[in-house]
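**Student:** What follows is entry_33.cif; its format and atoms are mmCIF, C-alpha atoms.
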data_upload
loop_
_atom_site.label_atom_id
_atom_site.label_comp_id
_atom_site.auth_asym_id
_atom_site.auth_seq_id
_atom_site.Cartn_x
_atom_site.Cartn_y
_atom_site.Cartn_z
CA MET A 1 71.79 71.75 -220.30
CA SER A 2 72.65 71.67 -216.61
CA ARG A 3 71.56 74.31 -214.09
CA THR A 4 75.20 75.37 -213.75
CA ASP A 5 75.50 75.98 -217.49
CA THR A 6 72.24 77.94 -217.48
CA VAL A 7 73.40 80.16 -214.61
CA SER A 8 76.78 80.65 -216.29
CA ARG A 9 75.18 81.79 -219.54
CA THR A 10 72.82 84.12 -217.69
CA GLU A 11 75.65 85.70 -215.72
CA LYS A 12 77.67 86.13 -218.89
CA SER A 13 74.81 87.95 -220.63
CA HIS A 14 74.65 90.44 -217.70
CA ASP A 15 78.41 90.86 -217.37
CA PRO A 16 79.23 94.62 -217.53
CA ALA A 17 82.49 93.82 -219.31
CA ARG A 18 80.53 91.89 -221.92
CA GLY A 19 78.22 94.86 -222.40
CA PHE A 20 81.22 97.13 -222.95
CA GLN A 21 82.50 94.69 -225.59
CA PHE A 22 79.22 95.01 -227.48
CA ILE A 23 79.63 98.80 -227.48
CA VAL A 24 83.16 98.39 -228.82
CA LYS A 25 81.83 96.04 -231.51
CA ARG A 26 79.24 98.59 -232.64
CA VAL A 27 81.86 101.35 -232.81
CA PHE A 28 84.16 99.03 -234.74
CA ASP A 29 81.33 98.19 -237.17
CA PHE A 30 80.38 101.83 -237.73
CA VAL A 31 83.94 103.08 -238.25
CA THR A 32 84.91 100.15 -240.49
CA ALA A 33 81.78 100.48 -242.64
CA ALA A 34 82.13 104.27 -242.95
CA ILE A 35 85.80 104.16 -243.94
CA THR A 36 85.23 101.30 -246.39
CA LEU A 37 82.31 103.10 -248.03
CA ILE A 38 84.40 106.24 -248.45
CA LEU A 39 87.34 104.32 -249.92
CA LEU A 40 85.11 102.31 -252.26
CA SER A 41 82.91 105.22 -253.35
CA PRO A 42 84.57 105.41 -256.80
CA LEU A 43 83.88 101.69 -257.28
CA PHE A 44 80.27 102.18 -256.14
CA LEU A 45 79.87 104.93 -258.73
CA LEU A 46 81.33 102.82 -261.55
CA ILE A 47 79.10 99.86 -260.66
CA ALA A 48 76.03 102.11 -260.49
CA ILE A 49 76.77 103.54 -263.93
CA ALA A 50 77.37 100.06 -265.36
CA ILE A 51 74.05 98.80 -263.96
CA LYS A 52 72.11 101.73 -265.45
CA ILE A 53 73.80 101.33 -268.84
CA ASP A 54 73.26 97.58 -268.90
CA SER A 55 69.53 97.58 -268.08
CA SER A 56 66.71 99.82 -266.93
CA GLY A 57 65.64 99.85 -263.31
CA THR A 58 66.96 100.68 -259.90
CA ILE A 59 70.60 100.43 -258.87
CA PHE A 60 69.87 98.59 -255.64
CA ALA A 61 67.72 95.58 -254.86
CA THR A 62 66.53 94.46 -251.43
CA GLN A 63 66.08 91.01 -249.94
CA VAL A 64 64.25 90.33 -246.69
CA GLN A 65 66.27 88.20 -244.29
CA TYR A 66 65.74 87.44 -240.61
CA CYS A 67 67.80 87.78 -237.44
CA TYR A 68 67.63 85.10 -234.77
CA ASP A 69 65.07 87.16 -232.86
CA ASN A 70 62.84 86.98 -235.97
CA ARG A 71 63.45 90.65 -236.77
CA PRO A 72 63.35 91.20 -240.55
CA ILE A 73 66.21 93.02 -242.28
CA HIS A 74 65.94 94.59 -245.71
CA VAL A 75 69.38 93.64 -247.00
CA LEU A 76 70.74 95.89 -249.76
CA ARG A 77 72.49 94.55 -252.86
CA PHE A 78 73.39 95.85 -256.28
CA ARG A 79 70.65 94.77 -258.68
CA CYS A 80 71.77 91.78 -260.75
CA THR A 81 68.57 90.84 -262.57
CA ALA A 82 66.38 92.48 -265.15
CA VAL A 83 63.39 94.44 -263.85
CA GLY A 84 60.23 92.36 -263.52
CA THR A 85 61.98 88.99 -263.46
CA THR A 86 61.77 86.40 -260.71
CA GLY A 87 65.45 86.68 -259.83
CA LYS A 88 66.52 83.34 -261.35
CA THR A 89 70.11 83.10 -262.53
CA ASP A 90 69.06 82.77 -266.18
CA THR A 91 67.49 86.24 -266.01
CA ALA A 92 70.61 87.94 -264.69
CA THR A 93 71.93 90.92 -266.60
CA ARG A 94 75.44 90.89 -268.05
CA ILE A 95 76.83 93.15 -265.35
CA GLY A 96 74.73 91.26 -262.79
CA ARG A 97 76.45 87.96 -263.56
CA LEU A 98 79.82 89.62 -263.08
CA LEU A 99 78.78 91.24 -259.80
CA PHE A 100 77.31 87.99 -258.48
CA ARG A 101 80.36 85.87 -259.32
CA SER A 102 82.70 88.38 -257.71
CA ASP A 103 80.48 89.03 -254.64
CA LEU A 104 80.54 92.74 -255.51
CA ASP A 105 76.73 92.73 -255.50
CA ARG A 106 76.96 92.51 -251.69
CA LEU A 107 78.96 95.68 -251.14
CA PRO A 108 75.83 97.77 -250.37
CA MET A 109 75.41 95.65 -247.24
CA LEU A 110 77.93 98.04 -245.73
CA ILE A 111 75.06 100.53 -245.66
CA ASN A 112 73.09 98.03 -243.57
CA VAL A 113 76.05 97.90 -241.17
CA LEU A 114 76.19 101.70 -241.02
CA ARG A 115 72.47 101.82 -240.21
CA GLY A 116 72.90 99.26 -237.43
CA ASP A 117 70.92 96.47 -239.10
CA MET A 118 73.95 94.24 -239.48
CA SER A 119 77.49 93.79 -238.22
CA ILE A 120 80.79 93.35 -240.07
CA VAL A 121 81.13 89.89 -238.47
CA GLY A 122 78.25 87.98 -236.94
CA PRO A 123 75.99 84.95 -237.13
CA CYS A 124 74.15 84.04 -240.31
CA SER A 125 70.68 85.22 -241.22
CA TYR A 126 67.91 83.33 -243.00
CA VAL A 127 65.22 83.96 -245.59
CA SER A 128 62.65 82.36 -243.24
CA PRO A 129 62.03 83.29 -239.57
CA PRO A 130 64.41 81.24 -237.37
CA LEU A 131 61.73 80.71 -234.73
CA VAL A 132 59.79 78.69 -237.28
CA LEU A 133 62.87 76.86 -238.56
CA PHE A 134 64.72 75.98 -235.40
CA SER A 135 62.70 76.60 -232.22
CA ARG A 136 61.70 72.95 -231.74
CA GLU A 137 64.93 71.19 -232.71
CA LEU A 138 67.48 73.77 -231.59
CA PRO A 139 65.88 76.04 -228.98
CA ASN A 140 69.28 77.44 -227.93
CA ALA A 141 69.71 78.92 -231.41
CA LEU A 142 67.80 82.03 -230.35
CA GLN A 143 70.67 82.96 -228.04
CA ARG A 144 72.35 84.27 -231.15
CA SER A 145 69.89 87.13 -231.26
CA LYS A 146 72.35 88.92 -228.94
CA LEU A 147 74.47 89.68 -232.01
CA LYS A 148 73.40 91.11 -235.37
CA PRO A 149 73.87 89.12 -238.59
CA GLY A 150 77.27 89.66 -240.16
CA LEU A 151 78.65 90.31 -243.61
CA PHE A 152 81.29 87.76 -242.63
CA CYS A 153 79.96 84.55 -241.07
CA ARG A 154 82.33 82.05 -239.49
CA ALA A 155 79.82 79.25 -240.04
CA LYS A 156 80.04 79.77 -243.80
CA LEU A 157 83.79 80.19 -243.75
CA ASN A 158 84.08 76.80 -242.07
CA SER A 159 82.27 75.07 -244.91
CA SER A 160 83.21 74.95 -248.58
CA HIS A 161 79.72 76.11 -249.51
CA HIS A 162 76.44 76.89 -247.80
CA ASN A 163 74.72 73.57 -247.10
CA GLU A 164 70.95 73.90 -246.98
CA THR A 165 70.38 70.29 -245.87
CA GLU A 166 69.04 69.63 -242.38
CA GLY A 167 72.41 68.39 -241.11
CA GLY A 168 74.27 71.27 -242.71
CA THR A 169 71.89 73.81 -241.22
CA LYS A 170 72.30 72.32 -237.75
CA ARG A 171 76.09 72.49 -238.05
CA GLN A 172 75.81 76.11 -239.16
CA ILE A 173 73.60 76.96 -236.19
CA ASN A 174 75.92 75.26 -233.71
CA ASP A 175 78.94 77.02 -235.23
CA ASP A 176 77.13 80.35 -234.96
CA LEU A 177 76.20 79.64 -231.34
CA SER A 178 79.85 78.90 -230.59
CA TYR A 179 80.79 82.24 -232.17
CA VAL A 180 78.30 84.16 -230.01
CA THR A 181 79.38 82.57 -226.74
CA SER A 182 83.11 83.03 -227.47
CA TRP A 183 82.91 86.40 -229.25
CA SER A 184 85.72 88.91 -228.97
CA LEU A 185 86.95 91.77 -231.14
CA TRP A 186 90.12 89.82 -231.87
CA LEU A 187 88.01 86.88 -233.09
CA ASP A 188 86.22 89.26 -235.48
CA VAL A 189 89.56 90.49 -236.85
CA LYS A 190 90.68 86.90 -237.49
CA ILE A 191 87.41 86.03 -239.24
CA ILE A 192 87.68 89.13 -241.47
CA ALA A 193 91.26 88.21 -242.39
CA LYS A 194 90.20 84.67 -243.23
CA GLY A 195 87.19 85.90 -245.20
CA LEU A 196 89.20 88.31 -247.31
CA THR A 197 91.54 85.50 -248.41
CA ALA A 198 88.84 82.84 -248.90
CA LYS A 199 88.33 81.55 -252.43
CA SER A 200 84.63 80.80 -251.94
CA SER A 201 81.80 83.12 -250.98
CA TYR A 202 82.22 84.26 -247.41
CA MET A 203 79.55 86.84 -246.92
CA ILE A 204 76.01 86.55 -245.74
CA GLY A 205 73.23 85.33 -247.98
#
I need this file expressed as structure tokens, please.
**Tutor:**
Amino acid sequence: MSRTDTVSRTEKSHDPARGFQFIVKRVFDFVTAAITLILLSPLFLLIAIAIKIDSSGTIFATQVQYCYDNRPIHVLRFRCTAVGTTGKTDTATRIGRLLFRSDLDRLPMLINVLRGDMSIVGPCSYVSPPLVLFSRELPNALQRSKLKPGLFCRAKLNSSHHNETEGGTKRQINDDLSYVTSWSLWLDVKIIAKGLTAKSSYMIG
């Protein structure tokens, strides 16, 4: 990266207008998550009852994922597996299989957004610390720590499925970095619209 590019990125990160955009993004996230949770509260209740009837255990499950600044997030999901199992697909409960296939198990992530752990739209997160995964090969990846992980991830929308290979991961990182440097509220709206009409899984994790 040239000195000019470095200075340009530094100036952008201290741009007052950019800081105001981040405030707008947080307000947008909070309002959207709150309204969606209120509107979907009957569905949340039905799913909770179905989970309790189908198997014993908690309604929610948590998974530790990591932001690009290595901060861990305890991501909430509806529990899809039987209590005491390893979480493999062959141990999923009946309602759990339905929730997983329909992505409804991820609805509780809206609570993470409300708490400020995540954003409606943002870069991807990982089950291993990004500093360990990418610091040597893709040092610029940590620039994405400016934004919180999103329920909707453009990097995953741009691929038919999440590719865990080395090349696929690099493409995902570069796509995420492009999202961070070109972020706008209008871009978030377009990604949400695309995600809601996507046939494949579009949300984080």
**Student:** Considering all atoms listed in the file, return as a list in words whatever protein or nucleic-acid residues lie within 9 Å of A:Leu104, sequence-local ones (same chain, fewer than 3 positions apart) excluded.
**Tutor:**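 Contacts, in chain order: Ile47, Arg77, Phe78, Leu98, Leu99, Phe100, Arg101, Leu107 and Pro108 of chain A.
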**Student:** Would you compute the distance between atom CA of A:Thr81 and atom CA of A:Val64? Give it in Å to one decimal.
**Tutor:**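 We find that atom CA of A:Thr81 and atom CA of A:Val64 lie 16.5 Å from each other.
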**Student:** For the file shown, what are the residues hit by the PyMOL selection byres ((chain A and resi 110) around 12), laid out as a ChimeraX atom specification?
**Tutor:** /A:29-38,40-41,44,75-78,104-109,111-121,150-152,203-204
**Student:** Just the number, please: distance in Å from atom CA of A:Leu43 to atom CA of A:Ser125, one decimal.
**Tutor:** 26.5 Å
**Student:** What is the atom CA of A:Gln172-atom CA of A:Cys153 distance in Å, reported with one decimal?
**Tutor:** 9.6 Å
**Student:** Which one of A:Leu39, A:Ala193, A:Cys124, A:Val180 sits closest to A:Tyr66 if you count all atoms listed in the file?
**Tutor:**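 Answer, going by the shortest atom-to-atom distance: A:Cys124.
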**Student:** Restricting the calculation to only C-alpha atoms: of A:Ala198, A:Val189, A:Arg26, A:Lys156, which residue gets closest to A:Thr169?
**Tutor:**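 Looking at the shortest contact to A:Thr169, the residue is A:Lys156.
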**Student:** If you apply the PyMOL selection byres ((chain A and resi 95) around 7) to this file, what residues do you get, as a ChimeraX atom specification?
**Tutor:** /A:50-51,54,80,93-94,96-99
**Student:** Produce stretch 170-200 of chain A of the given structure as output with N, CA and C atoms, as an mmCIF file, in the first residue's frame.
**Tutor:**
data_model
loop_
_atom_site.group_PDB
_atom_site.id
_atom_site.type_symbol
_atom_site.label_atom_id
_atom_site.label_comp_id
_atom_site.auth_asym_id
_atom_site.auth_seq_id
_atom_site.Cartn_x
_atom_site.Cartn_y
_atom_site.Cartn_z
ATOM 1 N N LYS A 170 -10.118 -15.851 1.869
ATOM 2 C CA LYS A 170 -9.474 -14.610 1.442
ATOM 3 C C LYS A 170 -10.440 -13.736 0.656
ATOM 4 N N ARG A 171 -11.231 -14.343 -0.214
ATOM 5 C CA ARG A 171 -12.210 -13.575 -0.983
ATOM 6 C C ARG A 171 -13.242 -12.951 -0.060
ATOM 7 N N GLN A 172 -13.645 -13.705 0.964
ATOM 8 C CA GLN A 172 -14.616 -13.179 1.927
ATOM 9 C C GLN A 172 -14.036 -11.992 2.675
ATOM 10 N N ILE A 173 -12.787 -12.098 3.081
ATOM 11 C CA ILE A 173 -12.134 -11.011 3.811
ATOM 12 C C ILE A 173 -12.040 -9.771 2.941
ATOM 13 N N ASN A 174 -11.597 -9.949 1.702
ATOM 14 C CA ASN A 174 -11.460 -8.805 0.802
ATOM 15 C C ASN A 174 -12.806 -8.156 0.504
ATOM 16 N N ASP A 175 -13.846 -8.966 0.384
ATOM 17 C CA ASP A 175 -15.189 -8.432 0.144
ATOM 18 C C ASP A 175 -15.660 -7.648 1.360
ATOM 19 N N ASP A 176 -15.384 -8.177 2.550
ATOM 20 C CA ASP A 176 -15.732 -7.471 3.785
ATOM 21 C C ASP A 176 -14.983 -6.153 3.899
ATOM 22 N N LEU A 177 -13.697 -6.161 3.536
ATOM 23 C CA LEU A 177 -12.901 -4.941 3.614
ATOM 24 C C LEU A 177 -13.445 -3.881 2.665
ATOM 25 N N SER A 178 -13.882 -4.319 1.484
ATOM 26 C CA SER A 178 -14.498 -3.408 0.527
ATOM 27 C C SER A 178 -15.776 -2.813 1.102
ATOM 28 N N TYR A 179 -16.549 -3.631 1.826
ATOM 29 C CA TYR A 179 -17.786 -3.140 2.449
ATOM 30 C C TYR A 179 -17.483 -2.058 3.483
ATOM 31 N N VAL A 180 -16.462 -2.283 4.310
ATOM 32 C CA VAL A 180 -16.132 -1.325 5.371
ATOM 33 C C VAL A 180 -15.687 0.009 4.792
ATOM 34 N N THR A 181 -14.844 -0.036 3.770
ATOM 35 C CA THR A 181 -14.302 1.207 3.221
ATOM 36 C C THR A 181 -15.322 1.978 2.388
ATOM 37 N N SER A 182 -16.371 1.288 1.910
ATOM 38 C CA SER A 182 -17.378 1.962 1.075
ATOM 39 C C SER A 182 -18.737 2.039 1.767
ATOM 40 N N TRP A 183 -18.753 1.813 3.097
ATOM 41 C CA TRP A 183 -20.030 1.702 3.799
ATOM 42 C C TRP A 183 -20.855 2.979 3.719
ATOM 43 N N SER A 184 -22.162 2.777 3.591
ATOM 44 C CA SER A 184 -23.142 3.848 3.697
ATOM 45 C C SER A 184 -24.454 3.221 4.146
ATOM 46 N N LEU A 185 -25.344 4.032 4.669
ATOM 47 C CA LEU A 185 -26.640 3.514 5.109
ATOM 48 C C LEU A 185 -27.427 2.962 3.929
ATOM 49 N N TRP A 186 -27.309 3.608 2.792
ATOM 50 C CA TRP A 186 -28.008 3.135 1.593
ATOM 51 C C TRP A 186 -27.482 1.772 1.166
ATOM 52 N N LEU A 187 -26.163 1.549 1.305
ATOM 53 C CA LEU A 187 -25.591 0.243 0.984
ATOM 54 C C LEU A 187 -26.173 -0.820 1.904
ATOM 55 N N ASP A 188 -26.341 -0.500 3.191
ATOM 56 C CA ASP A 188 -26.955 -1.444 4.125
ATOM 57 C C ASP A 188 -28.368 -1.812 3.695
ATOM 58 N N VAL A 189 -29.142 -0.816 3.280
ATOM 59 C CA VAL A 189 -30.522 -1.061 2.854
ATOM 60 C C VAL A 189 -30.539 -2.008 1.655
ATOM 61 N N LYS A 190 -29.626 -1.815 0.711
ATOM 62 C CA LYS A 190 -29.579 -2.666 -0.476
ATOM 63 C C LYS A 190 -29.180 -4.101 -0.117
ATOM 64 N N ILE A 191 -28.247 -4.236 0.836
ATOM 65 C CA ILE A 191 -27.829 -5.572 1.260
ATOM 66 C C ILE A 191 -28.962 -6.294 1.979
ATOM 67 N N ILE A 192 -29.718 -5.572 2.815
ATOM 68 C CA ILE A 192 -30.865 -6.174 3.502
ATOM 69 C C ILE A 192 -31.900 -6.645 2.488
ATOM 70 N N ALA A 193 -32.192 -5.804 1.497
ATOM 71 C CA ALA A 193 -33.170 -6.172 0.469
ATOM 72 C C ALA A 193 -32.725 -7.413 -0.290
ATOM 73 N N LYS A 194 -31.442 -7.477 -0.610
ATOM 74 C CA LYS A 194 -30.914 -8.642 -1.317
ATOM 75 C C LYS A 194 -30.958 -9.876 -0.429
ATOM 76 N N GLY A 195 -30.623 -9.694 0.850
ATOM 77 C CA GLY A 195 -30.618 -10.817 1.778
ATOM 78 C C GLY A 195 -31.986 -11.409 2.012
ATOM 79 N N LEU A 196 -32.993 -10.556 2.099
ATOM 80 C CA LEU A 196 -34.355 -11.032 2.340
ATOM 81 C C LEU A 196 -34.925 -11.820 1.166
ATOM 82 N N THR A 197 -34.375 -11.613 -0.022
ATOM 83 C CA THR A 197 -34.874 -12.325 -1.216
ATOM 84 C C THR A 197 -33.930 -13.444 -1.645
ATOM 85 N N ALA A 198 -32.811 -13.653 -0.900
ATOM 86 C CA ALA A 198 -31.860 -14.675 -1.273
ATOM 87 C C ALA A 198 -32.414 -16.057 -0.943
ATOM 88 N N LYS A 199 -32.105 -17.018 -1.790
ATOM 89 C CA LYS A 199 -32.585 -18.391 -1.590
ATOM 90 C C LYS A 199 -31.702 -19.130 -0.599
ATOM 91 N N SER A 200 -30.411 -18.772 -0.559
ATOM 92 C CA SER A 200 -29.492 -19.457 0.343
ATOM 93 C C SER A 200 -29.343 -18.684 1.635
#
